[in-house]
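Undergrad: What follows is work38.pdb, made up of PDB, C-alpha atoms:
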ATOM      1  CA  MET A   1     112.154 121.818  83.238
ATOM      2  CA  LEU A   2     112.609 118.499  85.014
ATOM      3  CA  GLU A   3     111.928 118.375  88.713
ATOM      4  CA  ASP A   4     113.630 115.917  91.036
ATOM      5  CA  ASN A   5     110.507 113.875  91.431
ATOM      6  CA  ASP A   6     110.031 113.689  87.650
ATOM      7  CA  LEU A   7     112.726 111.100  87.274
ATOM      8  CA  SER A   8     111.550 107.811  88.779
ATOM      9  CA  PRO A   9     109.726 105.292  86.569
ATOM     10  CA  TRP A  10     106.504 105.985  88.524
ATOM     11  CA  ALA A  11     106.646 109.803  88.410
ATOM     12  CA  HIS A  12     105.232 110.582  84.991
ATOM     13  CA  PRO A  13     101.399 110.836  84.830
ATOM     14  CA  LYS A  14     101.331 108.367  81.920
ATOM     15  CA  ALA A  15     103.331 105.878  83.990
ATOM     16  CA  GLN A  16     101.040 106.413  86.977
ATOM     17  CA  ARG A  17      97.977 105.722  84.861
ATOM     18  CA  TRP A  18      99.656 102.568  83.566
ATOM     19  CA  PHE A  19     100.382 101.360  87.102
ATOM     20  CA  ALA A  20      96.805 102.052  88.217
ATOM     21  CA  THR A  21      95.491 100.093  85.220
ATOM     22  CA  LEU A  22      97.918  97.247  85.919
ATOM     23  CA  LEU A  23      96.880  96.873  89.539
ATOM     24  CA  GLU A  24      93.154  97.356  88.998
ATOM     25  CA  ARG A  25      92.570  95.580  85.695
ATOM     26  CA  SER A  26      94.563  92.545  86.790
ATOM     27  CA  GLY A  27      92.375  92.302  89.879
ATOM     28  CA  PHE A  28      95.401  92.500  92.165
ATOM     29  CA  ILE A  29      94.003  95.151  94.492
ATOM     30  CA  ASN A  30      90.717  93.254  94.822
ATOM     31  CA  GLU A  31      92.559  90.032  95.545
ATOM     32  CA  VAL A  32      94.662  91.729  98.218
ATOM     33  CA  GLU A  33      91.448  93.109  99.716
ATOM     34  CA  ASP A  34      89.817  89.659  99.687
ATOM     35  CA  THR A  35      92.878  88.204 101.403
ATOM     36  CA  VAL A  36      92.824  90.874 104.059
ATOM     37  CA  ASN A  37      89.162  90.051 104.683
ATOM     38  CA  LEU A  38      89.926  86.395 105.450
ATOM     39  CA  THR A  39      89.817  85.355 109.064
ATOM     40  CA  ASP A  40      93.203  85.185 110.783
ATOM     41  CA  ASP A  41      93.214  81.392 110.879
ATOM     42  CA  HIS A  42      93.290  81.317 107.051
ATOM     43  CA  LEU A  43      96.596  83.151 106.894
ATOM     44  CA  GLU A  44     100.001  81.853 107.874
ATOM     45  CA  LEU A  45     103.055  83.931 108.627
ATOM     46  CA  ALA A  46     104.566  82.805 105.305
ATOM     47  CA  HIS A  47     101.505  84.146 103.443
ATOM     48  CA  CYS A  48     101.805  87.444 105.261
ATOM     49  CA  ARG A  49     105.460  87.830 104.344
ATOM     50  CA  MET A  50     104.708  87.329 100.654
ATOM     51  CA  LEU A  51     101.833  89.792 100.804
ATOM     52  CA  LEU A  52     104.045  92.259 102.657
ATOM     53  CA  ALA A  53     106.827  91.931 100.097
ATOM     54  CA  LEU A  54     104.461  92.661  97.214
ATOM     55  CA  LEU A  55     102.921  95.617  98.999
ATOM     56  CA  ILE A  56     106.312  97.023 100.002
ATOM     57  CA  LEU A  57     107.314  96.939  96.340
ATOM     58  CA  LEU A  58     104.068  98.032  94.714
ATOM     59  CA  GLY A  59     102.279  99.928  97.466
ATOM     60  CA  ARG A  60     104.051 103.229  96.919
ATOM     61  CA  PRO A  61     102.864 106.663  95.795
ATOM     62  CA  GLY A  62     102.840 106.803  92.027
ATOM     63  CA  ILE A  63     102.274 103.067  91.706
ATOM     64  CA  TRP A  64      99.493 102.283  94.157
ATOM     65  CA  PRO A  65      96.335 104.340  93.471
ATOM     66  CA  GLU A  66      95.881 106.935  96.193
ATOM     67  CA  ASP A  67      92.202 106.128  96.640
ATOM     68  CA  LYS A  68      93.122 102.527  97.510
ATOM     69  CA  ASN A  69      95.374 103.480 100.394
ATOM     70  CA  ARG A  70      92.940 101.990 102.882
ATOM     71  CA  VAL A  71      93.717  98.538 101.435
ATOM     72  CA  LEU A  72      97.353  99.053 102.433
ATOM     73  CA  GLN A  73      96.280 100.198 105.891
ATOM     74  CA  ARG A  74      94.027  97.193 106.404
ATOM     75  CA  ALA A  75      96.725  94.841 105.148
ATOM     76  CA  ALA A  76      99.259  96.323 107.578
ATOM     77  CA  SER A  77      96.825  95.941 110.452
ATOM     78  CA  LYS A  78      95.917  92.357 109.505
ATOM     79  CA  ILE A  79      99.513  91.278 109.102
ATOM     80  CA  ASN A  80     100.407  92.916 112.393
ATOM     81  CA  ASN A  81      97.719  90.845 114.165
ATOM     82  CA  ILE A  82      98.900  87.617 112.614
ATOM     83  CA  ALA A  83     102.549  88.386 113.362
ATOM     84  CA  LYS A  84     101.649  89.152 116.988
ATOM     85  CA  ASN A  85      99.719  85.921 117.356
ATOM     86  CA  SER A  86     102.586  83.976 115.869
ATOM     87  CA  GLN A  87     104.803  85.142 118.750
ATOM     88  CA  VAL A  88     102.592  83.235 121.143
ATOM     89  CA  ILE A  89     103.712  79.652 121.447
ATOM     90  CA  GLN A  90     100.761  77.545 120.440
ATOM     91  CA  PRO A  91     100.164  74.333 122.365
ATOM     92  CA  THR A  92     100.986  71.486 120.000
ATOM     93  CA  SER A  93      98.815  68.466 119.685
ATOM     94  CA  LYS A  94     100.275  65.091 120.609
ATOM     95  CA  LYS A  95     100.150  64.077 116.949
ATOM     96  CA  ALA A  96     102.069  67.137 115.721
ATOM     97  CA  LYS A  97     105.725  66.616 114.897
ATOM     98  CA  PRO A  98     108.035  68.812 116.976
ATOM     99  CA  LEU A  99     109.875  71.501 115.006
ATOM    100  CA  SER A 100     113.510  70.900 114.157
ATOM    101  CA  ILE A 101     116.154  73.341 115.404
ATOM    102  CA  GLU A 102     116.479  74.588 111.805
ATOM    103  CA  GLN A 103     112.722  75.270 111.617
ATOM    104  CA  HIS A 104     112.794  77.051 114.961
ATOM    105  CA  LYS A 105     115.658  79.247 113.717
ATOM    106  CA  ARG A 106     113.833  79.928 110.453
ATOM    107  CA  ASN A 107     110.642  80.916 112.285
ATOM    108  CA  SER A 108     112.561  83.137 114.656
ATOM    109  CA  VAL A 109     114.337  84.995 111.817
ATOM    110  CA  SER A 110     111.036  85.313 109.931
ATOM    111  CA  ARG A 111     109.320  86.837 112.965
ATOM    112  CA  THR A 112     112.102  89.404 113.368
ATOM    113  CA  ALA A 113     112.133  90.142 109.628
ATOM    114  CA  ILE A 114     108.401  90.701 109.514
ATOM    115  CA  GLN A 115     108.627  93.518 112.055
ATOM    116  CA  VAL A 116     111.019  95.503 109.824
ATOM    117  CA  GLU A 117     108.951  94.688 106.739
ATOM    118  CA  LEU A 118     105.775  95.779 108.543
ATOM    119  CA  GLU A 119     107.310  99.138 109.418
ATOM    120  CA  LEU A 120     108.052  99.674 105.719
ATOM    121  CA  LEU A 121     104.414  99.014 104.861
ATOM    122  CA  ARG A 122     103.120 101.157 107.741
ATOM    123  CA  ARG A 123     105.063 104.098 106.335
ATOM    124  CA  ARG A 124     103.705 103.513 102.859
ATOM    125  CA  ALA A 125     100.187 103.324 104.245
ATOM    126  CA  GLY A 126     100.669 106.483 106.290
ATOM    127  CA  ILE A 127     100.133 104.642 109.591
ATOM    128  CA  SER A 128     103.676 105.303 110.821
ATOM    129  CA  ASN A 129     105.128 108.769 110.473
ATOM    130  CA  ARG A 130     108.663 107.865 111.511
ATOM    131  CA  LYS A 131     111.140 109.561 109.203
ATOM    132  CA  SER A 132     114.377 107.651 109.812
ATOM    133  CA  LYS A 133     115.912 105.987 106.790
ATOM    134  CA  LEU A 134     115.066 102.294 106.642
ATOM    135  CA  PRO A 135     117.328  99.624 105.197
ATOM    136  CA  MET A 136     116.290  96.997 102.724
ATOM    137  CA  PRO A 137     114.747  93.956 104.432
ATOM    138  CA  SER A 138     117.703  91.891 105.608
ATOM    139  CA  THR A 139     116.336  88.591 104.321
ATOM    140  CA  TRP A 140     115.861  89.750 100.737
ATOM    141  CA  GLY A 141     119.430  88.946  99.696
ATOM    142  CA  LYS A 142     121.086  90.796  96.814
ATOM    143  CA  PHE A 143     117.858  92.394  95.696
ATOM    144  CA  TRP A 144     119.146  94.299  92.662
ATOM    145  CA  SER A 145     121.210  91.553  91.095
TER     146      SER A 145
ATOM    147  CA  MET B   1     121.268  79.029 106.959
ATOM    148  CA  LYS B   2     121.805  82.214 104.887
ATOM    149  CA  THR B   3     119.377  85.038 105.579
ATOM    150  CA  SER B   4     118.802  85.341 101.797
ATOM    151  CA  GLU B   5     117.255  81.854 101.953
ATOM    152  CA  LEU B   6     114.551  83.418 104.066
ATOM    153  CA  SER B   7     113.269  85.889 101.483
ATOM    154  CA  PRO B   8     109.535  85.486 100.847
ATOM    155  CA  TRP B   9     110.291  84.228  97.304
ATOM    156  CA  SER B  10     112.532  81.442  98.545
ATOM    157  CA  ASP B  11     109.835  80.048 100.791
ATOM    158  CA  GLU B  12     107.693  77.281  99.285
ATOM    159  CA  GLN B  13     104.659  78.105 101.388
ATOM    160  CA  SER B  14     104.808  81.771 100.371
ATOM    161  CA  ILE B  15     105.151  80.851  96.704
ATOM    162  CA  ARG B  16     102.209  78.435  96.893
ATOM    163  CA  PHE B  17     100.141  81.220  98.429
ATOM    164  CA  LEU B  18     101.059  83.612  95.602
ATOM    165  CA  SER B  19     100.171  81.000  92.997
ATOM    166  CA  THR B  20      96.556  81.164  94.250
ATOM    167  CA  PHE B  21      96.410  84.799  93.089
ATOM    168  CA  GLU B  22      94.859  84.763  89.626
ATOM    169  CA  SER B  23      95.648  88.471  89.396
ATOM    170  CA  TRP B  24      99.364  87.739  89.563
ATOM    171  CA  ALA B  25      99.300  85.966  86.186
ATOM    172  CA  ASN B  26      97.018  88.716  84.820
ATOM    173  CA  MET B  27      99.612  91.264  85.878
ATOM    174  CA  ALA B  28     102.357  89.309  84.169
ATOM    175  CA  HIS B  29     100.224  89.316  80.996
ATOM    176  CA  LEU B  30      99.708  93.061  81.100
ATOM    177  CA  ILE B  31     103.432  93.640  81.709
ATOM    178  CA  GLN B  32     104.483  91.529  78.745
ATOM    179  CA  THR B  33     101.845  93.151  76.524
ATOM    180  CA  THR B  34     103.194  96.604  77.416
ATOM    181  CA  LEU B  35     106.762  95.508  76.808
ATOM    182  CA  LYS B  36     105.826  94.566  73.245
ATOM    183  CA  GLN B  37     104.564  98.077  72.456
ATOM    184  CA  ASP B  38     106.425 100.688  70.416
ATOM    185  CA  PRO B  39     108.849 102.644  72.654
ATOM    186  CA  ARG B  40     108.437 105.711  70.415
ATOM    187  CA  LYS B  41     104.766 105.841  71.354
ATOM    188  CA  TYR B  42     104.820 104.572  74.935
ATOM    189  CA  PRO B  43     108.207 105.332  76.530
ATOM    190  CA  HIS B  44     106.833 106.109  80.011
ATOM    191  CA  GLN B  45     104.598 103.053  80.122
ATOM    192  CA  ILE B  46     107.433 100.806  78.946
ATOM    193  CA  ARG B  47     109.838 102.213  81.510
ATOM    194  CA  ALA B  48     107.156 101.641  84.156
ATOM    195  CA  ALA B  49     106.774  98.018  83.020
ATOM    196  CA  CYS B  50     110.566  97.590  83.137
ATOM    197  CA  ALA B  51     110.567  98.870  86.726
ATOM    198  CA  VAL B  52     108.040  96.189  87.691
ATOM    199  CA  VAL B  53     110.162  93.611  85.903
ATOM    200  CA  ILE B  54     113.139  94.714  88.030
ATOM    201  CA  MET B  55     111.051  94.390  91.186
ATOM    202  CA  ILE B  56     109.243  91.122  90.626
ATOM    203  CA  CYS B  57     110.906  89.199  87.811
ATOM    204  CA  ARG B  58     112.878  86.752  89.894
ATOM    205  CA  ASP B  59     112.908  83.004  90.204
ATOM    206  CA  LYS B  60     109.624  81.600  91.441
ATOM    207  CA  LEU B  61     107.927  85.015  91.540
ATOM    208  CA  TRP B  62     107.294  85.292  87.796
ATOM    209  CA  PRO B  63     104.443  82.867  86.988
ATOM    210  CA  GLU B  64     105.386  79.878  84.842
ATOM    211  CA  ARG B  65     102.602  79.410  82.329
ATOM    212  CA  SER B  66     102.468  78.398  78.702
ATOM    213  CA  ASP B  67     100.766  81.674  77.752
ATOM    214  CA  LEU B  68     103.513  83.746  79.375
ATOM    215  CA  MET B  69     107.058  84.471  78.303
ATOM    216  CA  THR B  70     109.770  82.796  80.325
ATOM    217  CA  ILE B  71     111.502  84.880  82.935
ATOM    218  CA  ASP B  72     114.689  85.144  80.840
ATOM    219  CA  ASP B  73     112.742  86.198  77.757
ATOM    220  CA  VAL B  74     110.753  88.859  79.549
ATOM    221  CA  VAL B  75     113.854  90.292  81.263
ATOM    222  CA  SER B  76     115.750  90.356  77.956
ATOM    223  CA  LEU B  77     112.827  92.055  76.227
ATOM    224  CA  ALA B  78     112.629  94.648  79.025
ATOM    225  CA  ARG B  79     116.365  95.322  78.665
ATOM    226  CA  ARG B  80     116.060  95.864  74.894
ATOM    227  CA  GLN B  81     112.989  98.073  75.192
ATOM    228  CA  LEU B  82     114.546 100.169  77.926
ATOM    229  CA  ALA B  83     117.508 100.840  75.627
ATOM    230  CA  GLN B  84     114.990 102.102  73.057
ATOM    231  CA  VAL B  85     113.310 104.302  75.648
ATOM    232  CA  LYS B  86     116.684 105.837  76.497
ATOM    233  CA  HIS B  87     117.254 106.390  72.795
ATOM    234  CA  GLN B  88     113.918 108.216  72.530
ATOM    235  CA  PHE B  89     114.783 110.479  75.455
ATOM    236  CA  SER B  90     118.213 111.164  73.921
ATOM    237  CA  ILE B  91     116.632 112.144  70.595
ATOM    238  CA  LYS B  92     114.445 114.629  72.487
ATOM    239  CA  ALA B  93     117.567 116.114  74.070
ATOM    240  CA  ARG B  94     119.302 116.463  70.699
ATOM    241  CA  ILE B  95     116.694 118.970  69.566
ATOM    242  CA  ASN B  96     116.366 120.648  72.958
ATOM    243  CA  THR B  97     119.739 121.938  74.128
ATOM    244  CA  GLU B  98     118.326 123.221  77.417
ATOM    245  CA  LEU B  99     117.197 119.697  78.227
ATOM    246  CA  LYS B 100     120.510 118.233  77.122
ATOM    247  CA  GLN B 101     122.418 120.453  79.537
ATOM    248  CA  ASN B 102     120.042 119.868  82.413
ATOM    249  CA  PRO B 103     121.909 117.821  85.080
ATOM    250  CA  LYS B 104     118.642 116.185  86.103
ATOM    251  CA  PHE B 105     118.158 114.921  82.587
ATOM    252  CA  ARG B 106     121.673 113.437  82.734
ATOM    253  CA  ARG B 107     120.687 111.778  85.973
ATOM    254  CA  LEU B 108     117.623 110.309  84.304
ATOM    255  CA  LEU B 109     119.787 108.774  81.569
ATOM    256  CA  ASP B 110     122.266 107.489  84.167
ATOM    257  CA  SER B 111     119.387 105.929  86.075
ATOM    258  CA  ILE B 112     118.106 104.202  82.944
ATOM    259  CA  ASP B 113     121.630 102.845  82.416
ATOM    260  CA  GLN B 114     121.543 101.429  85.941
ATOM    261  CA  GLU B 115     118.101  99.927  85.331
ATOM    262  CA  MET B 116     119.415  98.261  82.156
ATOM    263  CA  ARG B 117     122.432  96.917  84.031
ATOM    264  CA  ILE B 118     120.188  95.335  86.660
ATOM    265  CA  LEU B 119     118.210  93.623  83.905
ATOM    266  CA  GLU B 120     121.442  92.493  82.252
ATOM    267  CA  SER B 121     122.564  91.001  85.536
ATOM    268  CA  ARG B 122     119.374  88.944  85.808
ATOM    269  CA  VAL B 123     120.087  87.116  82.564
ATOM    270  CA  ALA B 124     123.879  86.992  82.838
ATOM    271  CA  GLU B 125     125.605  83.632  83.380
ATOM    272  CA  GLU B 126     126.960  85.048  86.628
ATOM    273  CA  PRO B 127     125.176  87.973  88.308
ATOM    274  CA  LEU B 128     127.036  91.244  87.709
ATOM    275  CA  ASP B 129     128.630  93.094  90.554
ATOM    276  CA  LEU B 130     125.977  95.734  91.274
ATOM    277  CA  PRO B 131     125.705  98.340  94.013
ATOM    278  CA  GLN B 132     123.258  97.593  96.797
ATOM    279  CA  GLU B 133     121.591 100.963  96.150
ATOM    280  CA  PRO B 134     118.591 101.329  93.858
ATOM    281  CA  PRO B 135     118.934 103.180  90.538
ATOM    282  CA  ALA B 136     119.663 106.888  90.970
ATOM    283  CA  SER B 137     116.162 108.136  90.195
ATOM    284  CA  TRP B 138     114.315 105.698  92.451
ATOM    285  CA  GLY B 139     114.653 107.903  95.552
ATOM    286  CA  GLN B 140     114.755 106.398  99.045
ATOM    287  CA  PHE B 141     113.347 103.214  97.639
ATOM    288  CA  TRP B 142     112.804 101.458 100.969
ATOM    289  CA  SER B 143     111.792 104.364 103.183
ATOM    290  CA  ASP B 144     109.711 106.445 100.731
TER     291      ASP B 144
END
Reformat the file's structure so that it appears as structure tokens.
TA:
Amino acid sequence: MLEDNDLSPWAHPKAQRWFATLLERSGFINEVEDTVNLTDDHLELAHCRMLLALLILLGRPGIWPEDKNRVLQRAASKINNIAKNSQVIQPTSKKAKPLSIEQHKRNSVSRTAIQVELELLRRRAGISNRKSKLPMPSTWGKFWS
Amino acid sequence: MKTSELSPWSDEQSIRFLSTFESWANMAHLIQTTLKQDPRKYPHQIRAACAVVIMICRDKLWPERSDLMTIDDVVSLARRQLAQVKHQFSIKARINTELKQNPKFRRLLDSIDQEMRILESRVAEEPLDLPQEPPASWGQFWSD
């Protein structure tokens, strides 16, 4: 008899073993861990958003090995720190070019987007236990097509 | 400025960062190797690989390397293999009437149809008009 949770592509035990092999044998989990271990000044907001996107997609039960959940938790915490620091306006050096209005807008939208994306990862990692339904990240466009 | 231009995969700095991940190309290798397997022997693994293709096979995210299939080729292969997986599941149902009449099994086949349509859309001249919801069996894809 098929159960509800038997239907997704990551529900079957054979699929779960395949996902675990994919993430571990490729070295992806180790590389995420190494990235999370870098000092904050090695990571930009743009790096964090890419990392977040990949972990939102792949860091889910059935795909991400359960015993590697702490990597998700550490990534969420690291990204949160970097996102927080990016809210603080850094003093610019005299040599630095001022940001254009377009760049300011882009940074502002990215900072807002990262908060929603972070909440998605926090739930996956079991850090947030909010239950409300979350929408797809607003900056991801027409994700399915 | 469209918000879709702000996705992580439309940002040059984000893409450059991802290209430093050796594991990303390794993953692509493993995905394409799985997609070349026999769907009669490995239907669950192939469907799993197709799901990853749906998630990550998009411009700039799929690594461009001479030892890897192009994005269009890998998406087309995933689409063909997923059709074979559906065929395998349907054969199972032909000899198991209880399974055939199970509404959840119907939902599984409907979901595979949706997954195939997404893959079709990725290689179509013009993207197909698809719902904003994930395939039926993927649950609360964002919140879960």
Undergrad: Can you give me, as a list in words, the residues this file yields under the ChimeraX specification (/B :<6) & /A?
TA: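 Listing what the ChimeraX specification (/B :<6) & /A selects in the shown file: Leu7, Ser8, Pro9, Ala15, Ser26, Gly27, Phe28, Ala46, His47, Arg49, Met50, Lys133, Leu134, Met136, Thr139, Trp140, Gly141 and Ser145 of chain A.
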Undergrad: I need the residues from that last selection saved to file as a PDB file, keeping the file's coordinate frame (with C-alpha atoms), if you can.
TA:
ATOM      1  CA  LEU A   7     112.726 111.100  87.274  1.00  0.00           C
ATOM      2  CA  SER A   8     111.550 107.811  88.779  1.00  0.00           C
ATOM      3  CA  PRO A   9     109.726 105.292  86.569  1.00  0.00           C
ATOM      4  CA  ALA A  15     103.331 105.878  83.990  1.00  0.00           C
ATOM      5  CA  SER A  26      94.563  92.545  86.790  1.00  0.00           C
ATOM      6  CA  GLY A  27      92.375  92.302  89.879  1.00  0.00           C
ATOM      7  CA  PHE A  28      95.401  92.500  92.165  1.00  0.00           C
ATOM      8  CA  ALA A  46     104.566  82.805 105.305  1.00  0.00           C
ATOM      9  CA  HIS A  47     101.505  84.146 103.443  1.00  0.00           C
ATOM     10  CA  ARG A  49     105.460  87.830 104.344  1.00  0.00           C
ATOM     11  CA  MET A  50     104.708  87.329 100.654  1.00  0.00           C
ATOM     12  CA  LYS A 133     115.912 105.987 106.790  1.00  0.00           C
ATOM     13  CA  LEU A 134     115.066 102.294 106.642  1.00  0.00           C
ATOM     14  CA  MET A 136     116.290  96.997 102.724  1.00  0.00           C
ATOM     15  CA  THR A 139     116.336  88.591 104.321  1.00  0.00           C
ATOM     16  CA  TRP A 140     115.861  89.750 100.737  1.00  0.00           C
ATOM     17  CA  GLY A 141     119.430  88.946  99.696  1.00  0.00           C
ATOM     18  CA  SER A 145     121.210  91.553  91.095  1.00  0.00           C
TER      19      SER A 145
END
Undergrad: For this structure, which residues satisfy the selection - the PyMOL selection byres ((chain B and resi 70) around 12) - when it is evaluated on the file as given? I want them as a compact mmCIF listing (two decimals) with C-alpha atoms, in the frame of the given file.
TA:
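File result-v6.txt, as written:
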# COMPACT_ATOMS: atom_id res chain seq x y z
CA ALA B 28 102.36 89.31 84.17
CA HIS B 29 100.22 89.32 81.00
CA GLN B 32 104.48 91.53 78.74
CA CYS B 57 110.91 89.20 87.81
CA ARG B 58 112.88 86.75 89.89
CA ASP B 59 112.91 83.00 90.20
CA LYS B 60 109.62 81.60 91.44
CA LEU B 61 107.93 85.02 91.54
CA TRP B 62 107.29 85.29 87.80
CA PRO B 63 104.44 82.87 86.99
CA GLU B 64 105.39 79.88 84.84
CA ARG B 65 102.60 79.41 82.33
CA SER B 66 102.47 78.40 78.70
CA ASP B 67 100.77 81.67 77.75
CA LEU B 68 103.51 83.75 79.38
CA MET B 69 107.06 84.47 78.30
CA ILE B 71 111.50 84.88 82.94
CA ASP B 72 114.69 85.14 80.84
CA ASP B 73 112.74 86.20 77.76
CA VAL B 74 110.75 88.86 79.55
CA VAL B 75 113.85 90.29 81.26
CA SER B 76 115.75 90.36 77.96
CA LEU B 77 112.83 92.06 76.23
CA VAL B 123 120.09 87.12 82.56
Undergrad: Apply the PyMOL selection byres ((chain B and resi 90) around 12) to the file shown and report the selected residues as a ChimeraX atom specification.
TA: /B:40,43,83-89,91-97,99-101,105-106,108-110,112
Undergrad: Interatomic distance between atom CA of A:Asn129 and atom CA of A:Lys84?
TA: 21.0 Å
Undergrad: Quote the spacing between atom CA of A:Ile79 and atom CA of A:Leu118 in Å to one decimal place.
TA: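 Rounded to one decimal, the two atoms are 7.7 Å apart.
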Undergrad: For atom CA of A:Leu99 and atom CA of A:Glu117, quote the distance in Å rounded to one decimal.
TA: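 Atom-to-atom, atom CA of A:Leu99 to atom CA of A:Glu117, that is 24.6 Å.
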Undergrad: Calculated over all atoms listed in the file, which of the candidates A:Arg60, A:Lys105, A:Arg111, A:Arg130 has the smallest distance to A:Ala83?
TA: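 Of all the options, A:Arg111 lies closest to A:Ala83.
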Undergrad: Find, counting all atoms listed in the file, the residue in A:Pro98, A:Thr112, A:Asn69, A:Asp40 that gets nearest to A:Asn81.
TA: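 Ranked by minimum distance to A:Asn81, first place goes to A:Asp40.
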